[in-house]
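Undergrad: Please find work_4.cif (mmCIF, C-alpha atoms and all ligand atoms) on the next line:
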```cif
data_input
#
loop_
_atom_site.label_atom_id
_atom_site.label_comp_id
_atom_site.auth_asym_id
_atom_site.auth_seq_id
_atom_site.Cartn_x
_atom_site.Cartn_y
_atom_site.Cartn_z
CA MET E 1363 -0.02 66.23 30.95
CA LYS E 1364 1.37 69.76 30.93
CA LEU E 1365 4.28 71.07 28.84
CA THR E 1366 7.31 71.57 31.05
CA HIS E 1367 10.02 74.16 30.59
CA GLN E 1368 13.04 74.64 32.77
CA PRO E 1369 14.35 78.20 32.50
CA ARG E 1370 16.95 78.21 29.72
CA VAL E 1371 18.82 80.71 27.57
CA ALA E 1372 17.24 80.93 24.11
CA LEU E 1373 18.41 82.81 21.04
CA VAL E 1374 15.94 83.65 18.27
CA THR E 1375 17.11 85.18 14.99
CA GLY E 1376 14.74 87.45 13.11
CA ALA E 1377 13.05 88.17 16.44
CA GLY E 1378 12.28 91.79 15.52
CA ARG E 1379 9.05 91.10 13.68
CA GLY E 1380 6.60 88.48 12.49
CA ILE E 1381 7.19 84.81 13.31
CA GLY E 1382 10.44 85.41 15.23
CA LYS E 1383 8.78 87.99 17.46
CA ALA E 1384 5.95 85.56 18.30
CA ILE E 1385 8.51 82.83 19.08
CA ALA E 1386 10.55 85.19 21.29
CA GLU E 1387 7.42 86.23 23.20
CA ALA E 1388 6.29 82.61 23.67
CA LEU E 1389 9.70 81.51 24.97
CA ALA E 1390 9.90 84.50 27.32
CA ALA E 1391 6.44 83.63 28.66
CA ASP E 1392 7.82 80.15 29.51
CA GLY E 1393 10.47 81.78 31.71
CA HIS E 1394 13.41 81.52 29.31
CA THR E 1395 15.92 84.34 28.90
CA VAL E 1396 15.49 85.33 25.27
CA LEU E 1397 18.28 86.82 23.17
CA CYS E 1398 16.56 88.63 20.32
CA VAL E 1399 18.55 89.02 17.09
CA SER E 1400 17.52 91.13 14.12
CA LYS E 1401 19.23 93.30 11.56
CA ASN E 1402 17.93 96.67 12.74
CA PRO E 1403 18.61 97.64 16.36
CA SER E 1404 15.14 99.19 16.70
CA SER E 1405 13.29 96.00 15.84
CA CYS E 1406 15.05 93.51 18.16
CA GLY E 1407 15.41 96.32 20.73
CA GLY E 1408 11.67 96.99 20.70
CA VAL E 1409 10.83 93.31 21.20
CA ALA E 1410 13.39 92.84 24.00
CA ASP E 1411 12.13 96.00 25.74
CA ALA E 1412 8.51 94.83 25.50
CA ILE E 1413 9.40 91.41 26.95
CA THR E 1414 11.31 93.04 29.80
CA ALA E 1415 8.48 95.51 30.47
CA ALA E 1416 6.09 92.54 30.73
CA GLY E 1417 8.31 90.98 33.42
CA GLY E 1418 10.32 88.63 31.19
CA LYS E 1419 14.04 88.38 30.54
CA ALA E 1420 15.42 89.47 27.18
CA LYS E 1421 18.33 91.19 25.52
CA ALA E 1422 18.65 92.60 22.00
CA TYR E 1423 21.47 91.83 19.58
CA PRO E 1424 21.46 93.68 16.27
CA VAL E 1425 23.51 91.37 14.04
CA ASP E 1426 23.54 90.81 10.27
CA VAL E 1427 23.09 87.03 10.26
CA ALA E 1428 24.48 86.79 6.72
CA ASP E 1429 27.86 88.08 7.90
CA PRO E 1430 29.94 85.21 9.36
CA ALA E 1431 32.35 87.55 11.18
CA ALA E 1432 29.49 89.49 12.79
CA VAL E 1433 27.81 86.26 13.93
CA ALA E 1434 31.09 84.87 15.32
CA GLN E 1435 31.69 88.11 17.23
CA ALA E 1436 28.14 88.09 18.64
CA CYS E 1437 28.46 84.43 19.71
CA GLU E 1438 31.68 85.19 21.54
CA ALA E 1439 30.10 88.12 23.42
CA ILE E 1440 26.96 86.10 24.20
CA LEU E 1441 28.89 83.10 25.55
CA LYS E 1442 31.04 85.42 27.66
CA GLU E 1443 27.90 86.81 29.28
CA PHE E 1444 25.60 83.75 29.41
CA GLU E 1445 28.07 80.81 29.23
CA THR E 1446 25.67 78.77 27.13
CA VAL E 1447 22.74 79.12 24.79
CA ASP E 1448 20.47 76.10 25.27
CA ILE E 1449 17.85 76.84 22.63
CA LEU E 1450 18.69 78.17 19.17
CA VAL E 1451 15.93 79.14 16.76
CA ASN E 1452 17.22 80.03 13.28
CA ASN E 1453 14.32 82.05 11.94
CA ALA E 1454 15.75 85.13 10.16
CA GLY E 1455 14.90 85.12 6.49
CA ILE E 1456 14.31 87.23 3.41
CA THR E 1457 12.85 86.77 -0.05
CA LYS E 1458 14.25 88.14 -3.32
CA ASP E 1459 11.89 86.59 -5.82
CA GLY E 1460 12.24 86.37 -9.59
CA LEU E 1461 12.04 83.80 -12.34
CA LEU E 1462 15.29 81.87 -12.51
CA ILE E 1463 16.16 83.05 -16.00
CA ARG E 1464 16.22 86.65 -14.74
CA MET E 1465 17.51 86.00 -11.19
CA SER E 1466 20.80 87.81 -10.49
CA ASP E 1467 23.73 86.08 -8.80
CA GLU E 1468 23.36 88.67 -6.04
CA ASP E 1469 19.71 87.80 -5.34
CA TRP E 1470 20.62 84.10 -5.33
CA GLY E 1471 23.54 84.66 -2.95
CA ASP E 1472 21.76 87.06 -0.59
CA VAL E 1473 18.90 84.63 -0.01
CA ILE E 1474 21.19 81.63 0.46
CA SER E 1475 23.44 83.46 2.92
CA THR E 1476 20.64 85.08 4.95
CA ASN E 1477 18.30 82.06 5.06
CA LEU E 1478 20.71 79.11 5.09
CA SER E 1479 24.37 79.95 5.74
CA SER E 1480 23.27 82.03 8.74
CA ALA E 1481 22.03 78.87 10.50
CA PHE E 1482 25.41 77.22 9.95
CA TYR E 1483 27.18 80.30 11.42
CA TRP E 1484 24.99 80.35 14.57
CA VAL E 1485 25.23 76.62 15.21
CA LYS E 1486 29.00 76.74 14.76
CA GLY E 1487 29.27 79.64 17.18
CA LEU E 1488 27.00 78.27 19.89
CA VAL E 1489 26.99 74.47 19.81
CA ARG E 1490 30.16 73.71 21.79
CA PRO E 1491 28.80 74.67 25.24
CA MET E 1492 25.54 72.90 24.37
CA THR E 1493 27.48 69.68 23.77
CA ARG E 1494 29.29 70.10 27.10
CA LYS E 1495 26.00 70.64 28.91
CA ARG E 1496 24.46 67.56 27.24
CA TRP E 1497 21.22 69.43 26.54
CA GLY E 1498 20.20 71.48 23.55
CA ARG E 1499 17.37 72.32 21.18
CA ILE E 1500 17.85 73.64 17.67
CA VAL E 1501 14.84 74.63 15.60
CA ASN E 1502 15.34 75.78 12.03
CA ILE E 1503 12.53 77.60 10.28
CA GLY E 1504 12.06 76.20 6.79
CA SER E 1505 9.10 76.72 4.48
CA VAL E 1506 6.45 74.85 2.58
CA VAL E 1507 8.33 76.15 -0.48
CA GLY E 1508 11.37 74.11 0.58
CA ARG E 1509 9.19 71.01 0.40
CA ILE E 1510 7.24 71.57 -2.81
CA GLY E 1511 9.10 74.35 -4.71
CA ASN E 1512 7.62 77.54 -6.13
CA PRO E 1513 8.10 79.27 -9.47
CA GLY E 1514 9.93 82.57 -8.89
CA GLN E 1515 11.52 81.37 -5.66
CA ALA E 1516 14.41 79.11 -6.77
CA ASN E 1517 16.79 80.83 -4.34
CA TYR E 1518 14.35 80.72 -1.42
CA ALA E 1519 13.23 77.12 -2.06
CA ALA E 1520 16.86 75.96 -2.33
CA ALA E 1521 17.76 77.72 0.93
CA LYS E 1522 14.75 76.28 2.76
CA ALA E 1523 15.27 72.73 1.43
CA GLY E 1524 18.93 73.11 2.41
CA MET E 1525 17.84 74.13 5.88
CA HIS E 1526 16.27 70.73 6.38
CA GLY E 1527 19.36 68.94 5.07
CA LEU E 1528 21.34 70.88 7.66
CA THR E 1529 18.78 69.99 10.35
CA MET E 1530 19.01 66.25 9.66
CA SER E 1531 22.80 66.34 9.74
CA LEU E 1532 22.79 68.30 13.01
CA ALA E 1533 20.33 65.77 14.46
CA ARG E 1534 22.69 62.93 13.61
CA GLU E 1535 25.92 64.72 14.64
CA PHE E 1536 24.68 65.93 18.00
CA ALA E 1537 22.23 63.22 19.08
CA SER E 1538 24.84 61.64 21.33
CA ARG E 1539 25.07 64.96 23.17
CA ASN E 1540 21.31 65.07 23.82
CA ILE E 1541 20.81 67.94 21.39
CA THR E 1542 17.77 67.75 19.13
CA ALA E 1543 17.39 69.54 15.80
CA ASN E 1544 14.12 69.92 13.92
CA THR E 1545 12.69 71.99 11.10
CA VAL E 1546 9.38 73.81 11.25
CA ALA E 1547 8.07 74.54 7.77
CA PRO E 1548 5.41 77.27 7.75
CA GLY E 1549 2.98 77.76 4.92
CA PHE E 1550 1.66 81.25 4.20
CA ILE E 1551 1.61 83.21 7.45
CA THR E 1552 0.39 86.78 7.87
CA THR E 1553 3.56 88.88 8.42
CA ASP E 1554 5.44 91.74 6.71
CA MET E 1555 6.88 89.09 4.35
CA THR E 1556 3.47 88.11 2.98
CA ASP E 1557 2.07 91.66 3.21
CA LYS E 1558 4.16 92.30 0.09
CA LEU E 1559 1.71 90.11 -1.87
CA THR E 1560 -1.21 91.78 -3.68
CA ASP E 1561 -4.77 90.90 -2.63
CA GLU E 1562 -5.12 89.06 -5.94
CA GLN E 1563 -2.01 86.94 -5.21
CA LYS E 1564 -3.32 86.22 -1.70
CA ASP E 1565 -6.65 85.01 -3.09
CA VAL E 1566 -4.88 82.68 -5.53
CA ILE E 1567 -2.70 81.27 -2.71
CA LYS E 1568 -5.68 80.73 -0.38
CA LYS E 1569 -7.23 78.47 -3.03
CA THR E 1570 -4.16 76.19 -2.77
CA VAL E 1571 -4.46 75.91 1.03
CA PRO E 1572 -6.83 73.13 2.16
CA LEU E 1573 -7.72 75.19 5.26
CA GLN E 1574 -8.38 78.17 2.91
CA ARG E 1575 -6.63 80.87 4.92
CA PHE E 1576 -3.22 82.19 5.93
CA GLY E 1577 -1.82 81.07 9.27
CA THR E 1578 -0.87 83.28 12.22
CA THR E 1579 2.54 83.81 13.79
CA ASN E 1580 1.23 82.09 16.94
CA ASP E 1581 0.48 78.93 14.91
CA ILE E 1582 4.24 78.66 14.35
CA ALA E 1583 5.30 79.81 17.82
CA ALA E 1584 3.10 77.15 19.46
CA LEU E 1585 4.94 74.31 17.70
CA VAL E 1586 8.38 75.80 18.32
CA ASP E 1587 7.43 76.20 21.98
CA PHE E 1588 6.63 72.47 22.15
CA LEU E 1589 9.78 71.40 20.28
CA VAL E 1590 12.04 73.26 22.73
CA SER E 1591 10.20 71.98 25.81
CA GLU E 1592 11.44 69.23 28.10
CA ASN E 1593 8.68 66.99 26.69
CA ALA E 1594 10.09 66.96 23.14
CA GLY E 1595 13.44 65.34 23.93
CA TYR E 1596 12.77 62.23 21.82
CA ILE E 1597 11.96 64.12 18.61
CA THR E 1598 14.85 64.93 16.29
CA GLY E 1599 15.68 65.27 12.60
CA GLN E 1600 12.07 65.91 11.62
CA VAL E 1601 10.36 68.49 9.46
CA PHE E 1602 6.97 69.67 10.70
CA SER E 1603 4.63 71.51 8.37
CA VAL E 1604 2.36 74.20 9.75
CA ASP E 1605 0.79 75.13 6.45
CA GLY E 1606 -2.95 74.55 6.49
CA GLY E 1607 -2.41 71.28 4.66
CA MET E 1608 -0.48 72.56 1.63
CA ALA E 1609 2.34 69.99 1.65
CA MET E 1610 0.38 66.79 2.15
P1 LIG F 1 9.57 89.11 8.45
O1 LIG F 1 9.97 89.71 7.16
O2 LIG F 1 8.28 89.55 9.08
O3 LIG F 1 10.74 89.26 9.56
C1 LIG F 1 12.02 88.83 9.23
C2 LIG F 1 12.94 88.99 10.41
O4 LIG F 1 14.23 88.51 10.01
C3 LIG F 1 13.11 90.44 10.83
O5 LIG F 1 13.18 90.55 12.24
C4 LIG F 1 14.44 90.81 10.20
O6 LIG F 1 15.18 91.81 10.90
C5 LIG F 1 15.19 89.51 10.26
N1 LIG F 1 16.27 89.49 9.28
C6 LIG F 1 16.19 89.49 7.93
N2 LIG F 1 17.41 89.54 7.39
C7 LIG F 1 18.30 89.58 8.42
C8 LIG F 1 19.70 89.66 8.51
N3 LIG F 1 20.49 89.69 7.43
N4 LIG F 1 20.26 89.71 9.74
C9 LIG F 1 19.50 89.68 10.85
N5 LIG F 1 18.16 89.60 10.83
C10 LIG F 1 17.57 89.55 9.62
O7 LIG F 1 9.55 87.52 8.17
P2 LIG F 1 8.57 86.38 8.70
O8 LIG F 1 8.33 86.53 10.14
O9 LIG F 1 7.44 86.28 7.77
O10 LIG F 1 9.47 85.09 8.42
C11 LIG F 1 10.28 84.50 9.43
C12 LIG F 1 10.85 83.20 8.88
O11 LIG F 1 9.80 82.34 8.50
C13 LIG F 1 11.72 83.38 7.65
O12 LIG F 1 12.80 82.50 7.68
C14 LIG F 1 10.80 83.03 6.52
O13 LIG F 1 11.48 82.60 5.39
C15 LIG F 1 9.98 81.93 7.17
N6 LIG F 1 8.70 81.72 6.53
C16 LIG F 1 7.76 82.71 6.50
C17 LIG F 1 6.55 82.49 5.88
C18 LIG F 1 5.47 83.51 5.82
O14 LIG F 1 4.46 83.26 5.16
N7 LIG F 1 5.59 84.65 6.49
C19 LIG F 1 6.27 81.21 5.22
C20 LIG F 1 7.32 80.24 5.32
C21 LIG F 1 8.48 80.50 5.96
P3 LIG F 1 14.70 93.35 10.98
O15 LIG F 1 13.45 93.34 11.81
O16 LIG F 1 15.82 94.02 11.65
O17 LIG F 1 14.47 93.79 9.57
#
```
Can the structure in the file be given as C-alpha cells, please?

TA:
Amino acid sequence: MKLTHQPRVALVTGAGRGIGKAIAEALAADGHTVLCVSKNPSSCGGVADAITAAGGKAKAYPVDVADPAAVAQACEAILKEFETVDILVNNAGITKDGLLIRMSDEDWGDVISTNLSSAFYWVKGLVRPMTRKRWGRIVNIGSVVGRIGNPGQANYAAAKAGMHGLTMSLAREFASRNITANTVAPGFITTDMTDKLTDEQKDVIKKTVPLQRFGTTNDIAALVDFLVSENAGYITGQVFSVDGGMAM
C-alpha cells in the first residue's frame, strides 16, 4: 500500500531551519502548498524560495509565534488568501536552559510562550475553517524531554509536556469534525539547536540513546508526513517518540 496525499494547504512553524525545514520540504514534495513560518524573514523566505525553485508551492510568513497579536494577524491574512489551512504543524521552538534555582522568570516565560502558547494561538486562528471542511491534521512537535524531564530544562520540559496535554484535548474537541491531533516527540536530532552542545555533552547524550546516535531531521519529517497523509485518519491523541529508544 502506498501513502496517499491529496493536495492540501499546510502551515509549518519554525520552517526556516532544522526539523521544520525538513517537514516543509517533505510536505511540498507530496504536492501540498506549504506556508513556511519563521521569525526571521530570510530563513522562511529561503526555504519557500527553494521549494518554489524545485517546482513546489510555498509562501513565506515571518511571524513571531510567541506574539498572539502577530499570529492572529497572520492567520487572518492567510485565511483571506487560502480560505483554509488543512494541515498545521506546530514546530517552532527555542531553548533557554538553566538550573531551576537560577532560571529567570523571563527565560521561563519565553520558552513557554514560544514552544507552547504559540500552538494555542495558531490552532485558535486556523481551526474554524478546518472544522467547516470536516478534514484537518494537527501535528505538535514535542520532545523526549517532555516525556522524561531533564535537569536544566524545567521550562522546556514543561512546555513540551504541555504540548501533549494540548494535543490530547484538541484530539477530543475536534474528533467529531474529522480533525486529528498528534504529538511527535523527537529525541536528540542534529540541528542548530543541538549544535550548541559541546562534543563532550554530545558523547554523554549518545550513551543514553539505545541506538547510540543522534537522529536526522528526515527521521522526524517522515513520521509527520505519514501523520498528515490520508492514511492516518484513524490516529489521534497520540504521542510518537522518534528518539532512538530513549523514552522506552
Ligand atoms: P532550530 O533551532 O534548528 O530551528 C528553530 C526554528 O523555529 C527556526 O526556523 C526559528 O526561526 C523558529 N522559531 C524560533 N522561535 C520563533 C519565534 N518566536 N517565532 C517564529 N519562529 C521561531 O530547531 P530544531 O529544528 O532543532 O527544533 C524544531 C522543534 O523540534 C522545536 O520545537 C524543538 O523544541 C523540537 N525538538 C528538537 C530537538 C532537537 O534535538 N533538535 C529534540 C526535541 C525536540 P528562525 O529560523 O527565523 O530563527

Undergrad: Which residues are near ligand LIG 1 (chain F) - at most 8 Å, using only C-alpha atoms and all ligand atoms? Format: as a count of residues only.

TA: 51

Undergrad: Can you find the residues with an atom no farther than 10 Å from (8.4, 83.9, 23.4), counting all atoms listed in the file, and report them as a list in words?

TA: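 Result, sorted by chain then residue number: Ala1372, Val1374, Ala1377, Gly1382, Lys1383, Ala1384, Ile1385, Ala1386, Glu1387, Ala1388, Leu1389, Ala1390, Ala1391, Asp1392, Gly1393, His1394, Thr1395, Val1396, Cys1398, Val1409, Ile1413, Gly1418, Ala1420, Asn1580, Ala1583, Ala1584, Val1586 and Asp1587 of chain E.
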
Undergrad: What residues have an atom no more than 8 Å from (24.8, 73.5, 9.5) in the file's own frame, counting only C-alpha atoms, and can you write them as an MDAnalysis selection string?

TA: chainID E and resid 1479 1481:1483 1485:1486 1525 1528:1529 1531:1532

Undergrad: Point out the residue among E:Arg1499, E:Glu1445, E:Ala1516, E:Val1546 with the least atom-to-atom distance to Asn1593 (chain E), counting only C-alpha atoms.

TA: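 Checking each of E:Arg1499, E:Glu1445, E:Ala1516, E:Val1546 against Asn1593 (chain E), counting only C-alpha atoms, the winner is E:Arg1499.
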
Undergrad: Can you work out the spacing between CA of Leu1365 (chain E) and CA of Arg1539 (chain E) in Å, to one decimal?

TA: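 Computing the Euclidean distance for CA of Leu1365 (chain E) and CA of Arg1539 (chain E) yields 22.4 Å.
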
Undergrad: Could you list, as a list in words, every residue within 12 Å of Gln1515 (chain E), counting all atoms listed in the file and ignoring same-chain residues fewer than 6 positions away?

TA: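 These residues fall inside the cut-off: Ile1456, Thr1457, Lys1458, Asp1459, Gly1460, Leu1461, Leu1462, Ile1463, Arg1464, Met1465, Asp1469, Trp1470, Val1473, Ile1474, Ser1505, Val1506, Val1507, Gly1508, Ala1521, Lys1522 and Ala1523 of chain E.
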
Undergrad: How about saving the chosen residues, C-alpha atoms kept, as a PDB file, in the coordinates of the input?

TA:
```pdb
ATOM      1  CA  ILE E1456      14.310  87.230   3.410  1.00  0.00           C
ATOM      2  CA  THR E1457      12.850  86.770  -0.050  1.00  0.00           C
ATOM      3  CA  LYS E1458      14.250  88.140  -3.320  1.00  0.00           C
ATOM      4  CA  ASP E1459      11.890  86.590  -5.820  1.00  0.00           C
ATOM      5  CA  GLY E1460      12.240  86.370  -9.590  1.00  0.00           C
ATOM      6  CA  LEU E1461      12.040  83.800 -12.340  1.00  0.00           C
ATOM      7  CA  LEU E1462      15.290  81.870 -12.510  1.00  0.00           C
ATOM      8  CA  ILE E1463      16.160  83.050 -16.000  1.00  0.00           C
ATOM      9  CA  ARG E1464      16.220  86.650 -14.740  1.00  0.00           C
ATOM     10  CA  MET E1465      17.510  86.000 -11.190  1.00  0.00           C
ATOM     11  CA  ASP E1469      19.710  87.800  -5.340  1.00  0.00           C
ATOM     12  CA  TRP E1470      20.620  84.100  -5.330  1.00  0.00           C
ATOM     13  CA  VAL E1473      18.900  84.630  -0.010  1.00  0.00           C
ATOM     14  CA  ILE E1474      21.190  81.630   0.460  1.00  0.00           C
ATOM     15  CA  SER E1505       9.100  76.720   4.480  1.00  0.00           C
ATOM     16  CA  VAL E1506       6.450  74.850   2.580  1.00  0.00           C
ATOM     17  CA  VAL E1507       8.330  76.150  -0.480  1.00  0.00           C
ATOM     18  CA  GLY E1508      11.370  74.110   0.580  1.00  0.00           C
ATOM     19  CA  ALA E1521      17.760  77.720   0.930  1.00  0.00           C
ATOM     20  CA  LYS E1522      14.750  76.280   2.760  1.00  0.00           C
ATOM     21  CA  ALA E1523      15.270  72.730   1.430  1.00  0.00           C
TER      22      ALA E1523
END
```

Undergrad: If you measure from CA of Val1590 (chain E) to CA of Tyr1423 (chain E), what distance in Å do you get, rounded to one decimal?

TA: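 Here the two named atoms are 21.1 Å from each other.
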
Undergrad: With all atoms listed in the file as the counted atoms, please give the residues lying no more than 6 Å from Ile1500 (chain E), apart from itself and same-chain residues fewer than 5 positions off, as a list in words.

TA: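 Using all atoms listed in the file, the neighbours found are Ile1449, Leu1450, Val1451 and Ala1543 of chain E.
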
Undergrad: One decimal, Å: what's the distance from CA of Cys1437 (chain E) over to CA of Trp1484 (chain E), could you say?

TA: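 Atom-to-atom, CA of Cys1437 (chain E) to CA of Trp1484 (chain E), that is 7.4 Å.
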
Undergrad: Hey, which of E:Ser1591, E:Ala1520, E:Thr1493, E:Lys1558 ends up closest to Arg1370 (chain E)? Count only C-alpha atoms.

TA: E:Ser1591

Undergrad: Please identify all polymer residues within 10 Å of Tyr1596 (chain E), counting all atoms listed in the file, omitting same-chain residues fewer than 3 positions from it, and present them as a VMD selection string.

TA: chain E and resid 1537 1540 to 1542 1589 1592 to 1593

Undergrad: Looking at E:Leu1573, E:Ala1422, E:Ala1434, E:Ala1410, which one is nearest to Asp1605 (chain E), with distances taken over all atoms listed in the file?

TA: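 Once distances to Asp1605 (chain E) are computed over all atoms listed in the file, the minimum belongs to E:Leu1573.
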
Undergrad: Mind filling out region 1481-1490 of chain E with all heavy atoms and sending it as a PDB file, in the coordinates of the input?

TA:
```
ATOM      1  N   ALA E1481      22.285  79.932   9.506  1.00  0.00           N
ATOM      2  CA  ALA E1481      22.030  78.870  10.500  1.00  0.00           C
ATOM      3  C   ALA E1481      23.322  78.122  10.804  1.00  0.00           C
ATOM      4  O   ALA E1481      23.610  77.792  11.958  1.00  0.00           O
ATOM      5  CB  ALA E1481      20.960  77.923   9.978  1.00  0.00           C
ATOM      6  N   PHE E1482      24.106  77.867   9.766  1.00  0.00           N
ATOM      7  CA  PHE E1482      25.410  77.220   9.950  1.00  0.00           C
ATOM      8  C   PHE E1482      26.301  78.071  10.860  1.00  0.00           C
ATOM      9  O   PHE E1482      26.934  77.566  11.797  1.00  0.00           O
ATOM     10  CB  PHE E1482      26.049  76.999   8.573  1.00  0.00           C
ATOM     11  CG  PHE E1482      27.515  76.688   8.594  1.00  0.00           C
ATOM     12  CD1 PHE E1482      27.988  75.476   9.065  1.00  0.00           C
ATOM     13  CD2 PHE E1482      28.440  77.627   8.135  1.00  0.00           C
ATOM     14  CE1 PHE E1482      29.357  75.193   9.078  1.00  0.00           C
ATOM     15  CE2 PHE E1482      29.801  77.361   8.138  1.00  0.00           C
ATOM     16  CZ  PHE E1482      30.265  76.149   8.624  1.00  0.00           C
ATOM     17  N   TYR E1483      26.329  79.402  10.612  1.00  0.00           N
ATOM     18  CA  TYR E1483      27.180  80.300  11.420  1.00  0.00           C
ATOM     19  C   TYR E1483      26.772  80.261  12.902  1.00  0.00           C
ATOM     20  O   TYR E1483      27.617  80.186  13.792  1.00  0.00           O
ATOM     21  CB  TYR E1483      27.106  81.748  10.943  1.00  0.00           C
ATOM     22  CG  TYR E1483      27.417  81.977   9.488  1.00  0.00           C
ATOM     23  CD1 TYR E1483      26.743  82.980   8.769  1.00  0.00           C
ATOM     24  CD2 TYR E1483      28.373  81.225   8.804  1.00  0.00           C
ATOM     25  CE1 TYR E1483      27.021  83.211   7.425  1.00  0.00           C
ATOM     26  CE2 TYR E1483      28.651  81.441   7.462  1.00  0.00           C
ATOM     27  CZ  TYR E1483      27.964  82.439   6.775  1.00  0.00           C
ATOM     28  OH  TYR E1483      28.224  82.664   5.450  1.00  0.00           O
ATOM     29  N   TRP E1484      25.445  80.307  13.157  1.00  0.00           N
ATOM     30  CA  TRP E1484      24.990  80.350  14.570  1.00  0.00           C
ATOM     31  C   TRP E1484      25.251  79.027  15.270  1.00  0.00           C
ATOM     32  O   TRP E1484      25.682  78.989  16.415  1.00  0.00           O
ATOM     33  CB  TRP E1484      23.502  80.720  14.658  1.00  0.00           C
ATOM     34  CG  TRP E1484      23.241  82.164  14.417  1.00  0.00           C
ATOM     35  CD1 TRP E1484      22.698  82.718  13.292  1.00  0.00           C
ATOM     36  CD2 TRP E1484      23.530  83.274  15.289  1.00  0.00           C
ATOM     37  NE1 TRP E1484      22.634  84.080  13.414  1.00  0.00           N
ATOM     38  CE2 TRP E1484      23.124  84.454  14.623  1.00  0.00           C
ATOM     39  CE3 TRP E1484      24.080  83.376  16.567  1.00  0.00           C
ATOM     40  CZ2 TRP E1484      23.265  85.726  15.193  1.00  0.00           C
ATOM     41  CZ3 TRP E1484      24.221  84.635  17.149  1.00  0.00           C
ATOM     42  CH2 TRP E1484      23.822  85.798  16.465  1.00  0.00           C
ATOM     43  N   VAL E1485      24.992  77.920  14.568  1.00  0.00           N
ATOM     44  CA  VAL E1485      25.230  76.620  15.210  1.00  0.00           C
ATOM     45  C   VAL E1485      26.714  76.498  15.527  1.00  0.00           C
ATOM     46  O   VAL E1485      27.099  76.106  16.642  1.00  0.00           O
ATOM     47  CB  VAL E1485      24.764  75.452  14.302  1.00  0.00           C
ATOM     48  CG1 VAL E1485      25.196  74.113  14.901  1.00  0.00           C
ATOM     49  CG2 VAL E1485      23.259  75.484  14.114  1.00  0.00           C
ATOM     50  N   LYS E1486      27.549  76.859  14.555  1.00  0.00           N
ATOM     51  CA  LYS E1486      29.000  76.740  14.760  1.00  0.00           C
ATOM     52  C   LYS E1486      29.457  77.567  15.966  1.00  0.00           C
ATOM     53  O   LYS E1486      30.290  77.135  16.757  1.00  0.00           O
ATOM     54  CB  LYS E1486      29.708  77.216  13.487  1.00  0.00           C
ATOM     55  CG  LYS E1486      30.978  76.470  13.249  1.00  0.00           C
ATOM     56  CD  LYS E1486      31.569  76.745  11.912  1.00  0.00           C
ATOM     57  CE  LYS E1486      33.017  76.320  11.996  1.00  0.00           C
ATOM     58  NZ  LYS E1486      33.800  76.811  10.891  1.00  0.00           N
ATOM     59  N   GLY E1487      28.866  78.742  16.101  1.00  0.00           N
ATOM     60  CA  GLY E1487      29.270  79.640  17.180  1.00  0.00           C
ATOM     61  C   GLY E1487      28.752  79.246  18.551  1.00  0.00           C
ATOM     62  O   GLY E1487      29.329  79.642  19.566  1.00  0.00           O
ATOM     63  N   LEU E1488      27.655  78.489  18.592  1.00  0.00           N
ATOM     64  CA  LEU E1488      27.000  78.270  19.890  1.00  0.00           C
ATOM     65  C   LEU E1488      26.936  76.818  20.352  1.00  0.00           C
ATOM     66  O   LEU E1488      26.569  76.537  21.494  1.00  0.00           O
ATOM     67  CB  LEU E1488      25.556  78.826  19.835  1.00  0.00           C
ATOM     68  CG  LEU E1488      25.434  80.334  19.606  1.00  0.00           C
ATOM     69  CD1 LEU E1488      23.973  80.725  19.450  1.00  0.00           C
ATOM     70  CD2 LEU E1488      26.068  81.129  20.761  1.00  0.00           C
ATOM     71  N   VAL E1489      27.290  75.869  19.471  1.00  0.00           N
ATOM     72  CA  VAL E1489      26.990  74.470  19.810  1.00  0.00           C
ATOM     73  C   VAL E1489      27.955  73.853  20.838  1.00  0.00           C
ATOM     74  O   VAL E1489      27.581  72.932  21.568  1.00  0.00           O
ATOM     75  CB  VAL E1489      26.899  73.603  18.527  1.00  0.00           C
ATOM     76  CG1 VAL E1489      28.268  73.211  17.997  1.00  0.00           C
ATOM     77  CG2 VAL E1489      26.041  72.374  18.756  1.00  0.00           C
ATOM     78  N   ARG E1490      29.182  74.351  20.898  1.00  0.00           N
ATOM     79  CA  ARG E1490      30.160  73.710  21.790  1.00  0.00           C
ATOM     80  C   ARG E1490      29.699  73.624  23.250  1.00  0.00           C
ATOM     81  O   ARG E1490      29.672  72.521  23.826  1.00  0.00           O
ATOM     82  CB  ARG E1490      31.502  74.443  21.712  1.00  0.00           C
ATOM     83  CG  ARG E1490      32.565  73.628  21.028  1.00  0.00           C
ATOM     84  CD  ARG E1490      33.850  74.424  21.002  1.00  0.00           C
ATOM     85  NE  ARG E1490      34.237  74.727  19.641  1.00  0.00           N
ATOM     86  CZ  ARG E1490      34.957  73.914  18.874  1.00  0.00           C
ATOM     87  NH1 ARG E1490      35.369  72.763  19.336  1.00  0.00           N
ATOM     88  NH2 ARG E1490      35.270  74.252  17.658  1.00  0.00           N
TER      89      ARG E1490
END
```
